[in-house]
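*Asks:* The structure's right below; bear with me while I get my questions together.
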Amino acid sequence: MNETKQERRKKTLHRIHRIQGQLAALEKSIQADTPCKDVVVQARAIEKAMTSLISHMFEGFLRHQYRDIMQTDRDQAIQEISSLFKLINQ
């Protein structure tokens, strides 16, 4: 699929809004004294959504920015991708 930067940005923001909703629901669950197991399940869902968001953003970098950098400065491209891998694996 060859989506534009604008389309990708819209999808990214949609994911962020969904995560914000999940965080608000988690906060309400904690305030409502929801059983710990249920709160942990909600927190894990947020964690997975964040992991998915990071992957989505990394893919966007590869599709839209890395390609351009690679054509102009390969050394910079290698540094950029290396720093992103380090961030992901922290």
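All residue names refer to the structure tokens as shown: chains lettered A, B, ... in order, residues numbered from 1 in each chain, ligands numbered from 1 in order.
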Which residues come within 10 Å of Ala49 of chain A, counting only C-alpha atoms, excluding same-chain residues fewer than 2 positions away, as an mmCIF file with N, CA and C atoms, in the first residue's frame?

*Replies:*
```
data_model
loop_
_atom_site.group_PDB
_atom_site.id
_atom_site.type_symbol
_atom_site.label_atom_id
_atom_site.label_comp_id
_atom_site.auth_asym_id
_atom_site.auth_seq_id
_atom_site.Cartn_x
_atom_site.Cartn_y
_atom_site.Cartn_z
ATOM 1 N N ARG A 15 -4.548 6.192 16.255
ATOM 2 C CA ARG A 15 -4.014 5.230 17.230
ATOM 3 C C ARG A 15 -3.754 5.916 18.570
ATOM 4 N N ILE A 16 -3.185 7.112 18.522
ATOM 5 C CA ILE A 16 -2.899 7.852 19.755
ATOM 6 C C ILE A 16 -4.185 8.174 20.504
ATOM 7 N N ARG A 18 -6.950 6.519 20.404
ATOM 8 C CA ARG A 18 -7.470 5.266 20.960
ATOM 9 C C ARG A 18 -6.716 4.927 22.252
ATOM 10 N N ILE A 19 -5.405 5.117 22.257
ATOM 11 C CA ILE A 19 -4.615 4.854 23.463
ATOM 12 C C ILE A 19 -5.013 5.813 24.584
ATOM 13 N N GLN A 22 -8.000 4.448 26.120
ATOM 14 C CA GLN A 22 -7.666 3.304 26.968
ATOM 15 C C GLN A 22 -7.076 3.770 28.303
ATOM 16 N N ALA A 43 -4.030 -2.535 31.461
ATOM 17 C CA ALA A 43 -2.693 -1.964 31.320
ATOM 18 C C ALA A 43 -1.895 -2.705 30.244
ATOM 19 N N ARG A 44 -2.021 -4.011 30.205
ATOM 20 C CA ARG A 44 -1.327 -4.788 29.166
ATOM 21 C C ARG A 44 -1.859 -4.451 27.781
ATOM 22 N N ALA A 45 -3.143 -4.206 27.664
ATOM 23 C CA ALA A 45 -3.721 -3.816 26.367
ATOM 24 C C ALA A 45 -3.119 -2.481 25.916
ATOM 25 N N ILE A 46 -2.932 -1.571 26.856
ATOM 26 C CA ILE A 46 -2.304 -0.277 26.536
ATOM 27 C C ILE A 46 -0.863 -0.498 26.103
ATOM 28 N N GLU A 47 -0.175 -1.363 26.816
ATOM 29 C CA GLU A 47 1.212 -1.663 26.461
ATOM 30 C C GLU A 47 1.309 -2.217 25.034
ATOM 31 N N THR A 51 3.154 -0.588 21.742
ATOM 32 C CA THR A 51 4.109 -1.328 20.917
ATOM 33 C C THR A 51 3.695 -1.273 19.453
ATOM 34 N N SER A 52 2.412 -1.417 19.218
ATOM 35 C CA SER A 52 1.890 -1.343 17.853
ATOM 36 C C SER A 52 2.100 0.060 17.267
ATOM 37 N N LEU A 53 1.883 1.086 18.073
ATOM 38 C CA LEU A 53 2.101 2.467 17.631
ATOM 39 C C LEU A 53 3.566 2.691 17.258
ATOM 40 N N ILE A 54 4.470 2.204 18.087
ATOM 41 C CA ILE A 54 5.898 2.362 17.808
ATOM 42 C C ILE A 54 6.263 1.666 16.503
ATOM 43 N N SER A 55 5.768 0.473 16.289
ATOM 44 C CA SER A 55 6.035 -0.248 15.037
ATOM 45 C C SER A 55 5.485 0.511 13.843
#
```

*Asks:* Compile the contact shell of segment 79-82 of chain A as a VMD selection string: residues with an atom at most 12 Å away, counting only C-alpha atoms, same-chain residues fewer than 2 positions apart removed.

*Replies:* chain A and resid 58 to 59 61 to 62 65 to 70 73 to 77 84 to 89

*Asks:* Could the residues in this selection be saved with C-alpha atoms as a PDB file, in the first residue's frame?

*Replies:*
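File produced: out01.pdb:
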```
ATOM      1  CA  PHE A  58       9.002   3.035  12.630  1.00  0.00           C
ATOM      2  CA  GLU A  59       7.473   1.694   9.433  1.00  0.00           C
ATOM      3  CA  PHE A  61       9.993   6.422   9.022  1.00  0.00           C
ATOM      4  CA  LEU A  62      11.283   3.679   6.736  1.00  0.00           C
ATOM      5  CA  GLN A  65      12.069   9.456   5.481  1.00  0.00           C
ATOM      6  CA  TYR A  66      14.656   6.723   5.397  1.00  0.00           C
ATOM      7  CA  ARG A  67      14.263   6.257   1.656  1.00  0.00           C
ATOM      8  CA  ASP A  68      15.077   9.933   1.041  1.00  0.00           C
ATOM      9  CA  ILE A  69      18.036   9.926   3.442  1.00  0.00           C
ATOM     10  CA  MET A  70      19.371   6.752   1.851  1.00  0.00           C
ATOM     11  CA  ASP A  73      23.602  10.333   2.552  1.00  0.00           C
ATOM     12  CA  ARG A  74      23.991   6.608   3.207  1.00  0.00           C
ATOM     13  CA  ASP A  75      26.155   7.137   6.299  1.00  0.00           C
ATOM     14  CA  GLN A  76      23.500   9.345   7.868  1.00  0.00           C
ATOM     15  CA  ALA A  77      20.858   6.763   6.927  1.00  0.00           C
ATOM     16  CA  LEU A  84      16.001   4.052  16.077  1.00  0.00           C
ATOM     17  CA  PHE A  85      16.834   0.409  16.756  1.00  0.00           C
ATOM     18  CA  LYS A  86      18.534   1.458  19.994  1.00  0.00           C
ATOM     19  CA  LEU A  87      15.433   3.420  21.035  1.00  0.00           C
ATOM     20  CA  ILE A  88      13.134   0.512  20.265  1.00  0.00           C
ATOM     21  CA  ASN A  89      15.243  -1.956  22.201  1.00  0.00           C
TER      22      ASN A  89
END
```

*Asks:* How far is it from atom CA of Asp38 of chain A to atom CA of His14 of chain A, in Å with one decimal?

*Replies:* 24.8 Å

*Asks:* State, in Å with one decimal place, the distance from atom CA of Met57 of chain A to atom CA of Lys11 of chain A.

*Replies:*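 Taking atom CA of Met57 of chain A as the start and atom CA of Lys11 of chain A as the end point, the length is 10.0 Å.
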
*Asks:* Could you tell me how far atom CA of Lys48 of chain A sits from atom CA of Glu27 of chain A, in Å to one decimal place?

*Replies:*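 Atom CA of Glu27 of chain A sits 17.2 Å away from atom CA of Lys48 of chain A.
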
*Asks:* Among the residues of chain A, find those DSSP assigns to alpha helix (DSSP H) from the backbone and print them as a compact mmCIF listing (two decimals) with C-alpha atoms, in the first residue's frame.

*Replies:*
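Saved as part_15.txt:
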```
# COMPACT_ATOMS: atom_id res chain seq x y z
CA LYS A 5 2.45 11.01 4.69
CA GLN A 6 -0.82 12.79 5.44
CA GLU A 7 -2.81 9.52 5.42
CA ARG A 8 -0.21 7.88 7.64
CA ARG A 9 -0.26 10.85 10.04
CA LYS A 10 -4.05 10.55 10.28
CA LYS A 11 -3.76 6.84 11.14
CA THR A 12 -1.05 7.58 13.69
CA LEU A 13 -3.19 10.21 15.41
CA HIS A 14 -6.15 7.81 15.43
CA ARG A 15 -4.01 5.23 17.23
CA ILE A 16 -2.90 7.85 19.75
CA HIS A 17 -6.49 8.89 20.44
CA ARG A 18 -7.47 5.27 20.96
CA ILE A 19 -4.61 4.85 23.46
CA GLN A 20 -5.72 8.03 25.25
CA GLY A 21 -9.18 6.48 25.57
CA GLN A 22 -7.67 3.30 26.97
CA LEU A 23 -5.66 5.33 29.50
CA ALA A 24 -8.78 7.23 30.59
CA ALA A 25 -10.61 3.92 31.04
CA LEU A 26 -7.70 2.57 33.08
CA GLU A 27 -7.76 5.63 35.32
CA LYS A 28 -11.50 5.20 35.89
CA SER A 29 -11.01 1.53 36.70
CA ILE A 30 -8.42 2.38 39.31
CA GLN A 31 -10.65 5.08 40.80
CA CYS A 36 -6.32 -5.81 40.23
CA LYS A 37 -6.46 -8.57 37.60
CA ASP A 38 -8.82 -6.52 35.43
CA VAL A 39 -6.66 -3.40 35.80
CA VAL A 40 -3.58 -5.37 34.77
CA VAL A 41 -5.41 -6.69 31.70
CA GLN A 42 -6.27 -3.10 30.73
CA ALA A 43 -2.69 -1.96 31.32
CA ARG A 44 -1.33 -4.79 29.17
CA ALA A 45 -3.72 -3.82 26.37
CA ILE A 46 -2.30 -0.28 26.54
CA GLU A 47 1.21 -1.66 26.46
CA LYS A 48 0.42 -3.69 23.33
CA ALA A 49 -1.23 -0.66 21.71
CA MET A 50 1.91 1.38 22.42
CA THR A 51 4.11 -1.33 20.92
CA SER A 52 1.89 -1.34 17.85
CA LEU A 53 2.10 2.47 17.63
CA ILE A 54 5.90 2.36 17.81
CA SER A 55 6.04 -0.25 15.04
CA HIS A 56 3.65 1.82 12.94
CA MET A 57 5.79 4.92 13.41
CA PHE A 58 9.00 3.03 12.63
CA GLU A 59 7.47 1.69 9.43
CA GLY A 60 6.43 5.23 8.49
CA ARG A 67 14.26 6.26 1.66
CA ASP A 68 15.08 9.93 1.04
CA ILE A 69 18.04 9.93 3.44
CA MET A 70 19.37 6.75 1.85
CA GLN A 71 19.50 8.43 -1.56
CA THR A 72 21.38 11.49 -0.32
CA ARG A 74 23.99 6.61 3.21
CA ASP A 75 26.16 7.14 6.30
CA GLN A 76 23.50 9.35 7.87
CA ALA A 77 20.86 6.76 6.93
CA ILE A 78 22.78 4.05 8.75
CA GLN A 79 23.17 6.29 11.81
CA GLU A 80 19.44 7.13 11.79
CA ILE A 81 18.32 3.51 11.59
CA SER A 82 20.86 2.46 14.22
CA SER A 83 19.62 5.10 16.66
CA LEU A 84 16.00 4.05 16.08
CA PHE A 85 16.83 0.41 16.76
CA LYS A 86 18.53 1.46 19.99
CA LEU A 87 15.43 3.42 21.04
CA ILE A 88 13.13 0.51 20.26
```
